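Containing compact mmCIF, C-alpha atoms: target_17.txt.
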```
# COMPACT_ATOMS: atom_id res chain seq x y z
CA MET A 1 0.00 0.00 0.00
CA ALA A 2 1.54 3.31 -1.03
CA MET A 3 2.16 5.71 1.85
CA ARG A 4 2.49 9.46 1.68
CA GLN A 5 5.41 11.10 3.45
CA THR A 6 4.49 12.88 6.69
CA PRO A 7 7.31 15.31 7.51
CA LEU A 8 7.76 16.19 11.18
CA THR A 9 7.99 19.91 11.73
CA CYS A 10 10.32 21.20 14.43
CA SER A 11 9.32 24.69 15.41
CA GLY A 12 11.01 27.09 17.79
CA HIS A 13 13.23 29.20 15.63
CA THR A 14 11.89 32.62 14.73
CA ARG A 15 14.04 33.34 11.69
CA PRO A 16 15.44 31.32 8.76
CA VAL A 17 17.35 28.14 9.53
CA VAL A 18 20.56 28.35 7.54
CA ASP A 19 22.62 25.35 8.62
CA LEU A 20 22.17 22.06 10.39
CA ALA A 21 24.39 19.17 11.40
CA PHE A 22 24.00 15.73 12.93
CA SER A 23 26.30 14.16 15.47
CA GLY A 24 27.48 10.58 15.18
CA ILE A 25 25.53 7.77 16.82
CA THR A 26 26.08 7.88 20.59
CA PRO A 27 24.81 5.62 23.39
CA TYR A 28 22.00 8.17 23.81
CA GLY A 29 21.02 8.20 20.15
CA TYR A 30 22.09 10.92 17.74
CA PHE A 31 21.59 14.64 17.84
CA LEU A 32 20.90 17.53 15.56
CA ILE A 33 22.02 21.15 15.85
CA SER A 34 20.45 23.97 13.85
CA ALA A 35 21.93 27.38 13.06
CA CYS A 36 19.45 30.19 12.77
CA LYS A 37 19.43 33.86 11.95
CA ASP A 38 17.72 34.48 15.28
CA GLY A 39 21.11 33.90 16.93
CA LYS A 40 19.89 30.98 19.04
CA PRO A 41 21.16 27.62 17.79
CA MET A 42 19.19 24.66 19.10
CA LEU A 43 20.05 21.09 19.97
CA ARG A 44 17.46 18.43 19.22
CA GLN A 45 17.20 14.68 19.60
CA GLY A 46 18.02 13.48 16.10
CA ASP A 47 15.44 10.75 15.61
CA THR A 48 12.43 12.59 17.02
CA GLY A 49 13.21 16.26 16.57
CA ASP A 50 12.43 16.86 20.25
CA TRP A 51 14.05 20.06 21.49
CA ILE A 52 16.77 19.50 24.08
CA GLY A 53 18.18 22.97 24.58
CA THR A 54 19.10 26.33 23.11
CA PHE A 55 22.66 27.65 23.11
CA LEU A 56 22.39 31.22 24.36
CA GLY A 57 25.14 33.76 23.98
CA HIS A 58 25.58 34.88 20.39
CA LYS A 59 24.66 38.45 19.60
CA GLY A 60 24.03 38.01 15.94
CA ALA A 61 22.74 35.59 13.31
CA VAL A 62 24.32 32.15 13.60
CA TRP A 63 25.51 31.03 10.16
CA GLY A 64 27.09 27.70 10.94
CA ALA A 65 26.72 25.02 13.59
CA THR A 66 28.26 21.65 14.16
CA LEU A 67 28.48 18.87 16.73
CA ASN A 68 31.37 16.58 17.46
CA LYS A 69 30.90 12.86 16.85
CA GLU A 70 29.98 12.08 20.47
CA ALA A 71 27.61 15.08 20.68
CA THR A 72 29.46 16.29 23.77
CA LYS A 73 30.63 19.51 22.13
CA ALA A 74 29.00 21.97 19.80
CA ALA A 75 30.49 24.82 17.82
CA THR A 76 28.75 27.75 16.21
CA ALA A 77 29.79 30.51 13.77
CA ALA A 78 28.04 33.85 13.92
CA ALA A 79 27.62 37.32 12.52
CA ASP A 80 28.84 38.76 15.81
CA PHE A 81 32.39 38.00 14.60
CA THR A 82 32.81 35.07 16.97
CA ALA A 83 32.86 31.32 16.84
CA LYS A 84 31.78 29.66 20.08
CA VAL A 85 32.40 26.22 21.49
CA TRP A 86 29.72 24.82 23.79
CA ASP A 87 29.28 21.90 26.15
CA ALA A 88 26.49 20.08 24.32
CA VAL A 89 25.35 18.26 27.47
CA THR A 90 24.94 21.25 29.79
CA GLY A 91 24.44 23.93 27.13
CA ASP A 92 27.16 26.06 28.70
CA GLU A 93 29.39 28.24 26.59
CA VAL A 94 32.94 26.93 26.88
CA LEU A 95 34.93 29.16 24.55
CA THR A 96 34.51 32.33 22.52
CA LEU A 97 36.92 32.76 19.62
CA ALA A 98 37.08 36.33 18.36
CA HIS A 99 37.41 36.86 14.63
CA LYS A 100 37.78 39.93 12.45
CA HIS A 101 34.60 39.45 10.47
CA ILE A 102 31.45 37.33 10.22
CA VAL A 103 32.23 33.67 10.84
CA LYS A 104 30.35 31.30 8.54
CA SER A 105 31.63 27.80 9.15
CA VAL A 106 32.90 25.63 12.01
CA ASN A 107 34.06 22.00 11.94
CA PHE A 108 35.61 19.67 14.56
CA THR A 109 38.25 17.07 13.78
CA GLN A 110 37.32 13.43 14.49
CA ASP A 111 39.06 13.56 17.88
CA SER A 112 37.33 16.88 18.73
CA ASN A 113 40.70 18.43 19.60
CA SER A 114 40.84 20.98 16.79
CA LEU A 115 38.28 23.38 15.45
CA LEU A 116 38.37 24.78 11.92
CA THR A 117 36.71 28.16 11.38
CA ALA A 118 36.15 30.21 8.25
CA GLY A 119 34.21 33.26 7.21
CA ASN A 120 34.12 36.63 5.60
CA ASP A 121 37.71 37.53 6.43
CA LYS A 122 38.77 34.91 3.82
CA VAL A 123 41.12 33.09 6.21
CA LEU A 124 40.90 29.51 7.48
CA ARG A 125 41.78 29.15 11.14
CA ILE A 126 42.66 26.04 13.09
CA TYR A 127 42.25 26.28 16.87
CA ASP A 128 43.79 23.79 19.25
CA LEU A 129 40.99 23.25 21.77
CA GLY A 130 43.50 22.00 24.32
CA LYS A 131 45.27 25.38 24.17
CA PRO A 132 42.50 27.84 23.35
CA GLU A 133 44.50 30.96 24.29
CA ALA A 134 47.18 30.07 21.73
CA GLU A 135 46.99 31.82 18.38
CA PRO A 136 45.24 29.69 15.74
CA GLN A 137 47.09 28.44 12.68
CA GLU A 138 45.97 30.47 9.69
CA ILE A 139 45.63 29.49 6.06
CA ALA A 140 45.11 32.29 3.57
CA GLY A 141 44.50 32.13 -0.16
CA HIS A 142 40.84 32.62 -0.93
CA THR A 143 40.04 35.95 -2.50
CA SER A 144 36.49 36.21 -1.20
CA ALA A 145 34.44 35.23 1.81
CA ILE A 146 34.58 31.54 2.68
CA LYS A 147 31.15 29.89 3.01
CA LYS A 148 32.15 26.46 4.24
CA ALA A 149 35.30 24.71 5.42
CA LEU A 150 35.55 21.03 6.30
CA TRP A 151 38.19 18.62 7.53
CA CYS A 152 38.72 15.71 5.19
CA ASN A 153 40.97 12.78 4.39
CA ASN A 154 41.52 11.78 7.98
CA ASP A 155 41.71 15.41 9.17
CA GLN A 156 44.96 15.84 7.22
CA GLN A 157 43.40 18.08 4.63
CA ILE A 158 40.86 20.89 4.51
CA LEU A 159 38.23 21.60 1.88
CA SER A 160 36.94 25.14 1.59
CA ALA A 161 34.31 26.72 -0.65
CA ALA A 162 34.25 30.47 -1.14
CA GLU A 163 32.43 33.27 -2.93
CA ASP A 164 35.42 33.46 -5.28
CA LYS A 165 33.74 30.47 -6.99
CA THR A 166 36.52 28.08 -6.06
CA ILE A 167 36.77 25.03 -3.88
CA ARG A 168 40.26 24.45 -2.58
CA LEU A 169 41.85 21.42 -1.01
CA TRP A 170 44.56 22.38 1.50
CA ASP A 171 47.19 20.35 3.25
CA LYS A 172 46.85 21.07 6.97
CA ASN A 173 50.61 20.87 7.62
CA THR A 174 52.08 22.74 4.68
CA LYS A 175 49.07 25.10 4.55
CA GLU A 176 49.37 24.99 0.78
CA ALA A 177 46.51 24.57 -1.65
CA VAL A 178 46.93 21.09 -3.10
CA LYS A 179 44.09 21.41 -5.63
CA THR A 180 41.63 24.04 -6.77
CA LEU A 181 38.29 23.60 -8.51
CA SER A 182 36.80 26.59 -10.32
CA PHE A 183 33.13 27.06 -11.08
CA ASP A 184 31.05 29.50 -13.09
CA ALA A 185 28.68 29.99 -10.21
CA SER A 186 29.08 30.32 -6.49
CA VAL A 187 29.01 26.99 -4.67
CA SER A 188 25.96 26.94 -2.42
CA SER A 189 26.86 23.97 -0.24
CA MET A 190 29.40 21.28 0.40
CA GLU A 191 29.17 17.94 2.22
CA TYR A 192 32.04 15.55 2.86
CA VAL A 193 31.24 11.84 3.15
CA PRO A 194 34.27 10.23 4.83
CA ASP A 195 33.20 6.66 4.13
CA GLY A 196 33.91 6.49 0.43
CA GLU A 197 35.70 9.87 0.36
CA ILE A 198 33.00 11.66 -1.61
CA LEU A 199 32.41 15.37 -1.78
CA VAL A 200 28.87 16.59 -2.53
CA ILE A 201 28.71 20.10 -3.97
CA THR A 202 25.78 22.18 -5.13
CA TYR A 203 25.80 25.19 -7.42
CA GLY A 204 23.02 26.61 -9.59
CA ARG A 205 20.67 23.71 -10.29
CA THR A 206 23.46 21.17 -10.15
CA ILE A 207 24.38 18.59 -7.56
CA ALA A 208 27.92 17.39 -8.22
CA PHE A 209 29.86 14.50 -6.73
CA TYR A 210 33.65 14.52 -6.54
CA LYS A 211 36.33 12.25 -5.16
CA ALA A 212 37.59 14.04 -2.07
CA HIS A 213 41.28 13.10 -2.47
CA SER A 214 41.75 14.00 -6.09
CA LEU A 215 38.82 16.39 -6.63
CA GLU A 216 38.04 14.29 -9.69
CA LEU A 217 34.43 14.63 -10.89
CA ILE A 218 32.33 11.49 -10.39
CA LYS A 219 28.98 12.71 -11.74
CA THR A 220 26.58 15.64 -11.87
CA VAL A 221 22.81 15.75 -11.65
CA ASP A 222 20.59 18.68 -12.59
CA ALA A 223 17.49 19.53 -10.57
CA PRO A 224 14.34 21.42 -11.67
CA ALA A 225 15.22 24.41 -9.50
CA SER A 226 18.19 26.20 -7.99
CA ILE A 227 19.59 23.94 -5.25
CA HIS A 228 20.97 25.25 -1.97
CA SER A 229 21.99 22.01 -0.31
CA ALA A 230 22.27 18.29 -0.93
CA SER A 231 23.18 15.22 1.09
CA LEU A 232 24.24 11.71 0.13
CA HIS A 233 22.77 8.73 1.99
CA PRO A 234 25.38 6.79 4.05
CA ASP A 235 24.79 3.71 1.86
CA LYS A 236 25.22 5.87 -1.23
CA ASP A 237 22.02 4.69 -2.86
CA PHE A 238 20.14 7.99 -2.66
CA PHE A 239 20.78 11.63 -2.26
CA VAL A 240 18.41 14.42 -1.33
CA ALA A 241 18.45 18.05 -2.36
CA GLY A 242 16.47 21.20 -1.65
CA GLY A 243 16.49 24.80 -2.79
CA ASP A 244 14.54 27.70 -4.17
CA ASP A 245 11.26 25.97 -5.03
CA PHE A 246 10.70 24.94 -1.37
CA LYS A 247 10.66 21.23 -2.27
CA LEU A 248 12.82 18.33 -1.19
CA TYR A 249 13.98 16.07 -4.00
CA LYS A 250 15.11 12.47 -3.65
CA TYR A 251 17.30 10.95 -6.35
CA ASP A 252 18.72 7.52 -7.05
CA TYR A 253 22.51 8.01 -6.85
CA SER A 254 23.39 5.29 -9.37
CA THR A 255 20.84 6.08 -12.04
CA LYS A 256 20.57 9.86 -11.30
CA GLU A 257 16.81 9.52 -11.65
CA GLU A 258 14.49 11.73 -9.61
CA MET A 259 12.52 9.33 -7.42
CA GLU A 260 10.32 11.63 -5.36
CA SER A 261 9.74 15.23 -4.51
CA TYR A 262 8.06 16.54 -1.39
CA LYS A 263 6.32 19.78 -0.63
CA GLY A 264 6.17 20.98 2.93
CA HIS A 265 8.32 23.99 3.55
CA PHE A 266 6.93 27.50 3.12
CA GLY A 267 10.21 28.98 2.03
CA PRO A 268 13.44 28.05 0.22
CA VAL A 269 15.32 25.10 1.67
CA HIS A 270 18.74 26.20 2.90
CA CYS A 271 20.21 22.99 4.24
CA VAL A 272 19.52 19.28 4.15
CA ARG A 273 21.37 16.40 5.77
CA PHE A 274 20.92 12.68 6.21
CA SER A 275 21.00 11.31 9.74
CA PRO A 276 24.02 9.12 10.56
CA ASP A 277 21.90 5.95 10.30
CA GLY A 278 20.34 7.11 7.03
CA GLU A 279 16.78 6.53 8.31
CA LEU A 280 15.76 10.15 7.97
CA TYR A 281 16.94 13.47 6.61
CA ALA A 282 16.46 16.92 8.07
CA SER A 283 15.89 20.14 6.15
CA GLY A 284 16.15 23.74 7.33
CA SER A 285 14.29 26.51 5.61
CA GLU A 286 13.77 30.24 5.22
CA ASP A 287 10.37 29.57 6.85
CA GLY A 288 12.14 29.12 10.22
CA THR A 289 11.41 25.44 10.60
CA LEU A 290 13.30 22.21 10.45
CA ARG A 291 11.52 19.23 8.99
CA LEU A 292 12.39 15.58 9.38
CA TRP A 293 11.64 13.29 6.43
CA GLN A 294 11.63 9.50 6.31
CA THR A 295 13.99 7.77 3.91
CA ALA A 296 11.75 4.69 3.80
CA VAL A 297 8.28 6.21 3.86
CA GLY A 298 5.87 4.30 6.08
CA LYS A 299 8.52 2.52 8.15
CA THR A 300 8.20 2.54 11.92
CA TYR A 301 11.01 4.77 13.18
CA GLY A 302 11.26 7.59 15.68
CA LEU A 303 7.85 9.21 15.83
CA TRP A 304 6.61 7.57 12.63
CA LYS A 305 4.48 4.50 13.01
CA CYS A 306 3.69 1.96 10.36
CA VAL A 307 -0.03 1.40 10.63
CA LEU A 308 -2.02 -1.16 8.69
CA PRO A 309 -5.44 0.02 7.42
CA GLU A 310 -7.33 -2.24 9.87
CA GLU A 311 -5.50 -0.68 12.83
CA LEU A 312 -6.56 2.84 11.92
CA SER A 313 -10.17 2.16 12.90
CA SER A 314 -9.48 -0.10 15.90
CA GLU A 315 -9.26 0.85 19.61
CA ASN A 316 -5.47 0.92 19.38
CA SER A 317 -5.49 4.00 17.23
CA GLU A 318 -6.13 6.63 19.96
CA ALA A 319 -2.42 7.16 20.51
CA LEU A 320 -1.82 7.86 16.87
CA TYR A 321 -1.95 11.24 15.27
CA CYS A 322 -3.12 10.99 11.68
CA PRO A 323 -2.41 14.07 9.62
CA PRO A 324 -5.27 15.35 7.41
CA ALA A 325 -5.50 13.78 3.97
CA GLU A 326 -5.10 17.00 2.01
CA ILE A 327 -1.76 18.73 1.91
CA LYS A 328 -2.08 22.35 2.96
CA ALA A 329 -0.86 24.75 0.29
CA MET B 1 -5.10 7.71 -3.01
CA LYS B 2 -2.07 7.45 -0.72
CA THR B 3 -2.50 7.24 3.03
CA PRO B 4 -0.30 9.63 4.98
CA VAL B 5 2.12 7.99 7.41
CA SER B 6 0.86 8.16 10.99
CA VAL B 7 2.91 9.74 13.74
CA LEU B 8 2.79 9.05 17.47
CA ARG B 9 3.00 12.74 18.30
CA LEU B 10 4.67 15.88 17.04
CA PRO B 11 8.26 16.78 18.01
CA ARG B 12 8.43 18.66 21.31
CA GLY B 13 9.18 22.33 20.96
CA PRO B 14 11.29 24.62 23.14
CA ASP B 15 10.26 25.41 26.69
CA PRO B 16 9.58 29.16 26.76
CA ASN B 17 10.83 29.47 30.33
CA SER B 18 14.21 27.84 30.12
CA ARG B 19 17.10 27.18 27.79
CA GLY B 20 16.71 23.43 28.27
CA PHE B 21 19.49 20.85 28.77
CA ASP B 22 17.52 19.04 31.46
CA PRO B 23 19.89 18.10 34.28
CA ASN B 24 17.67 15.09 35.03
CA SER B 25 18.10 13.54 31.63
CA PRO B 26 20.03 10.23 31.58
CA ARG B 27 22.69 11.75 29.33
CA PHE B 28 23.30 14.72 31.61
CA ILE B 29 23.52 12.55 34.70
CA ALA B 30 25.91 10.12 33.02
CA LEU B 31 28.21 12.67 31.39
CA CYS B 32 28.39 15.47 33.96
CA PRO B 33 30.55 14.64 36.93
CA THR B 34 28.97 15.88 40.15
CA THR B 35 31.89 15.19 42.42
CA VAL B 36 35.01 17.29 42.57
CA SER B 37 37.99 15.57 40.93
CA THR B 38 40.56 13.99 43.25
CA SER B 39 43.47 14.05 40.81
CA SER B 40 46.74 15.86 41.47
CA SER B 41 45.27 19.07 40.13
CA GLY B 42 42.31 18.51 42.42
CA SER B 43 43.28 21.16 44.91
CA VAL B 44 43.34 23.81 42.18
CA ASP B 45 39.90 22.69 40.98
CA GLU B 46 38.55 22.67 44.52
CA GLU B 47 39.75 26.19 45.14
CA GLU B 48 38.30 27.39 41.86
CA GLN B 49 35.02 25.62 42.67
CA ARG B 50 34.90 27.25 46.09
CA LEU B 51 35.49 30.69 44.60
CA ARG B 52 32.88 30.09 41.92
CA SER B 53 30.35 29.03 44.57
CA GLU B 54 31.12 32.14 46.55
CA LEU B 55 30.71 34.42 43.55
CA ARG B 56 27.47 32.71 42.58
CA GLU B 57 26.08 33.05 46.07
CA ARG B 58 27.03 36.75 46.12
CA PHE B 59 25.30 37.26 42.80
CA LEU B 60 22.13 35.54 43.97
CA ARG B 61 22.12 37.53 47.23
CA THR B 62 22.55 40.71 45.19
CA LEU B 63 19.46 39.81 43.19
CA LEU B 64 17.56 39.28 46.43
CA LEU B 65 18.71 42.63 47.77
CA MET B 66 17.68 44.35 44.57
CA THR B 67 14.08 43.24 44.94
CA ASP B 68 11.63 46.16 45.06
CA LYS B 69 14.44 48.68 44.85
CA GLN B 70 14.96 51.31 42.18
CA VAL B 71 17.70 50.05 39.92
CA GLN B 72 19.50 51.78 37.09
CA PHE B 73 20.26 49.50 34.15
CA ASP B 74 23.05 50.35 31.70
CA MET B 75 22.46 48.53 28.46
CA PHE B 76 23.92 48.35 24.96
CA GLU B 77 23.24 51.13 22.47
CA LYS B 78 23.85 53.67 25.27
CA VAL B 79 20.53 52.84 26.88
CA ARG B 80 20.15 53.81 30.53
CA VAL B 81 16.86 53.13 32.22
CA ARG B 82 15.58 53.06 35.77
CA ALA B 83 12.99 50.70 37.10
CA THR B 84 11.87 48.89 40.21
CA PHE B 85 13.37 45.43 40.11
CA GLY B 86 10.93 42.57 40.67
CA ALA B 87 12.56 39.26 39.92
CA SER B 88 14.83 37.33 37.62
CA ASP B 89 13.91 34.13 35.81
CA ILE B 90 15.79 30.92 36.60
CA ASP B 91 18.39 31.22 33.81
CA VAL B 92 18.87 34.97 34.26
CA LEU B 93 17.52 35.63 30.80
CA ASN B 94 14.97 38.26 31.75
CA PHE B 95 14.38 40.63 34.64
CA GLN B 96 10.83 41.47 35.57
CA VAL B 97 10.61 45.17 36.41
CA SER B 98 7.90 47.69 37.25
CA ASP B 99 7.62 51.40 36.46
CA LEU B 100 10.31 51.29 33.81
CA GLU B 101 11.29 54.87 32.91
CA THR B 102 11.76 55.15 29.17
CA PRO B 103 11.97 58.12 26.77
CA LEU B 104 8.44 57.18 25.70
CA GLY B 105 7.07 57.30 29.22
CA VAL B 106 6.81 55.07 32.23
CA GLN B 107 6.03 51.42 31.43
CA LYS B 108 4.04 49.91 34.27
CA GLU B 109 5.36 46.37 33.82
CA ALA B 110 8.19 45.17 31.60
CA LEU B 111 10.72 42.45 30.98
CA LEU B 112 14.30 43.47 30.42
CA ARG B 113 16.55 41.13 28.43
CA CYS B 114 19.61 40.32 30.50
CA HIS B 115 21.75 39.75 27.43
CA ASP B 116 21.30 43.41 26.55
CA MET B 117 22.58 44.56 29.94
CA ILE B 118 26.03 45.77 30.71
CA SER B 119 25.53 46.65 34.37
CA CYS B 120 22.94 47.55 36.94
CA SER B 121 23.32 49.63 40.07
CA PHE B 122 21.19 50.45 43.06
CA GLU B 123 21.38 51.99 46.53
CA LEU B 124 21.44 49.53 49.39
```
Show me this structure written as structure tokens.
Amino acid sequence: MAMRQTPLTCSGHTRPVVDLAFSGITPYGYFLISACKDGKPMLRQGDTGDWIGTFLGHKGAVWGATLNKEATKAATAAADFTAKVWDAVTGDEVLTLAHKHIVKSVNFTQDSNSLLTAGNDKVLRIYDLGKPEAEPQEIAGHTSAIKKALWCNNDQQILSAAEDKTIRLWDKNTKEAVKTLSFDASVSSMEYVPDGEILVITYGRTIAFYKAHSLELIKTVDAPASIHSASLHPDKDFFVAGGDDFKLYKYDYSTKEEMESYKGHFGPVHCVRFSPDGELYASGSEDGTLRLWQTAVGKTYGLWKCVLPEELSSENSEALYCPPAEIKA
Amino acid sequence: MKTPVSVLRLPRGPDPNSRGFDPNSPRFIALCPTTVSTSSSGSVDEEEQRLRSELRERFLRTLLLMTDKQVQFDMFEKVRVRATFGASDIDVLNFQVSDLETPLGVQKEALLRCHDMISCSFEL
């Protein structure tokens, strides 16, 4: 029996959600952090979307947010010219790292000991979290604001995407650019998939996949609308993308065919990411909400419950919330 | 006609009165040590903890002393206002004040955002 996707809406933010990130799988499940222009990044339980806490302290829009693998630390990048590191269990601010301009991106290494930051001052910075008062290592080279910077290849290299329409691969030790990719349009998003060493990039209407070591192109797929973000499923059988037309698209990675598209958001989709177990993906939008979408629609997982038609009319159905049949415009 | 997937409930939203991070959650209890460390650097931690407790207690007692007194608040954007202090919320996010004197007149009841404050002063 064909089921229709019921996205779960996570409300709470009052301005556009511009970035989101999942933690790894921890003994307490996995977690999700959202960056919002309201300056108040939030931590949520990853499989249900339940709010856990809000990180309070930034004095400007938060452009980037990330969690370490164990979800014990969080980092945020904001328009108040600071990046902050937080205790993701207590919600306390642990560190404030002053920058010279808007910070857009933050990323922990696998061991959570170093933090990479990047932003409008065009410089990549590496902070040693064991010695936070020490000056960060700096890597310069980009000629415009950096939108995203990620550790890759076992935290030995750094990938950065900037408004100068380039993506550069840097060696962390020599601080030299090992490779540069140039585009005709600004790259809107970048995701690094360590297992398989794949880089997912979006620009214009295109979702492109590259080998992270060599920056060799694997394939490109064109969507019906301008795409702001895409994410590859951990098993590399699907990828999802969202952008200007408010919809979420799901594609088959091998065949590049569009499998499904989902309406739901009331504004452009700014970010989309698969959960670490691949069972759901989360999207953040201009409409100020996060939505959770099932990868296998109809499966029992998190708050979604697989219900057979007979059960819907039986006594057991009181606990279930059945959304109305018509989709609201 | 496709049937929409059923959900058990909707995701829980933020609590308007607190910043969250429930200290009674299993994760918090498991990951946040409640005892002072006994390692070689323990004495330094203990001293710091003692000082922190002292400062916290002083701050809380100051809030108690401020109650029902006229307080001057110095805030960002060169804002200086006077009001009668009522109470703070649990996370010190907002101060409830009465008779807030503003350039637009006296506001009978108001909430001041603590994040916007630089300092506050009052006569004992």
Can you pull out the residues contacting Asp87 (chain A)? Cut-off 9 Å, using all atoms listed in the file, and skip same-chain residues under 5 positions away; I want them as an mmCIF file with C-alpha atoms, in the coordinates of the input.
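Saved as result.cif:
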```
data_model
loop_
_atom_site.group_PDB
_atom_site.id
_atom_site.type_symbol
_atom_site.label_atom_id
_atom_site.label_comp_id
_atom_site.auth_asym_id
_atom_site.auth_seq_id
_atom_site.Cartn_x
_atom_site.Cartn_y
_atom_site.Cartn_z
ATOM 1 C CA ALA A 71 27.610 15.080 20.680
ATOM 2 C CA THR A 72 29.460 16.290 23.770
ATOM 3 C CA LYS A 73 30.630 19.510 22.130
ATOM 4 C CA ALA A 74 29.000 21.970 19.800
ATOM 5 C CA ALA A 75 30.490 24.820 17.820
ATOM 6 C CA ASP A 92 27.160 26.060 28.700
ATOM 7 C CA GLU A 93 29.390 28.240 26.590
ATOM 8 C CA VAL A 94 32.940 26.930 26.880
#
```
Give me the residues within 12 Å of Pro14 (chain B) as a list in words, counting all atoms listed in the file and dropping any in the same chain fewer than 3 places off. Cys10, Ser11, Gly12, His13, Thr14, Lys40, Pro41, Met42, Leu43, Arg44, Gly49, Asp50, Trp51, Ile52, Gly53, Thr54 and Phe55 of chain A; Pro11, Asn17, Ser18, Arg19, Gly20, Phe21 and Asp22 of chain B
Residues of chain B within 8 Å of chain A, only C-alpha atoms counted, as a list in words: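 Residues of chain B within 8 Å of chain A, counting only C-alpha atoms: Lys2, Thr3, Pro4, Val5, Ser6, Val7, Leu8, Arg9, Leu10, Pro11, Arg12, Gly13, Pro14, Arg19, Gly20, Phe21, Asp22, Pro23, Arg27, Phe28, Leu31, Cys32 and His115 of chain B.
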Report as a PDB file with C-alpha atoms, in the frame of the given file all protein, DNA and RNA residues lying within 8 Å of Asp19 (chain A), evaluated on all atoms listed in the file, omitting residues in the same chain fewer than 3 positions from it.
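Done, and the output landed in part_39.pdb:
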```
ATOM      1  CA  SER A  34      20.450  23.970  13.850  1.00  0.00           C
ATOM      2  CA  ALA A  35      21.930  27.380  13.060  1.00  0.00           C
ATOM      3  CA  CYS A  36      19.450  30.190  12.770  1.00  0.00           C
ATOM      4  CA  TRP A  63      25.510  31.030  10.160  1.00  0.00           C
ATOM      5  CA  GLY A  64      27.090  27.700  10.940  1.00  0.00           C
ATOM      6  CA  ALA A  65      26.720  25.020  13.590  1.00  0.00           C
ATOM      7  CA  HIS A 270      18.740  26.200   2.900  1.00  0.00           C
ATOM      8  CA  CYS A 271      20.210  22.990   4.240  1.00  0.00           C
ATOM      9  CA  GLY A 284      16.150  23.740   7.330  1.00  0.00           C
TER      10      GLY A 284
END
```
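Going from CA of Gly46 (chain A) to CA of Lys148 (chain A) covers 22.6 Å.
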Please give the centre and size of the box around region 115-124 of chain B (axis-aligned, containing every atom listed in the file, 3 Å added per side), with values in Å to one decimal and written as lines of an AutoDock Vina configuration file.
```
center_x = 23.6
center_y = 45.9
center_z = 38.0
size_x = 10.8
size_y = 18.2
size_z = 28.8
```
Counting only C-alpha atoms, note down every residue that has an atom within 9 Å of the point (4.0, 48.2, 37.2) (file coordinates), as a PyMOL selection string. chain B and resi 84+97-100+106-110
For CA of Glu135 (chain A) and CA of Asp80 (chain A), the interatomic separation in Å (one decimal):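 Going from CA of Glu135 (chain A) over to CA of Asp80 (chain A) covers 19.6 Å.
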Could you name the residues that touch region 119-121 of chain B at 6 Å or less, counting all atoms listed in the file, but leaving out those on the same chain fewer than 5 positions away, as a VMD selection string? chain B and resid 71 to 74
With all atoms listed in the file as the basis for distance, which of B:Met1, B:Leu124, B:Leu112, B:Ala30 is at the shortest distance from Asp89 (chain B)? B:Leu112
As an exercise, work out the distance from CA of Trp151 (chain A) to CA of Lys172 (chain A) in Å and give it to one decimal place.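 These two atoms are separated by 9.0 Å.
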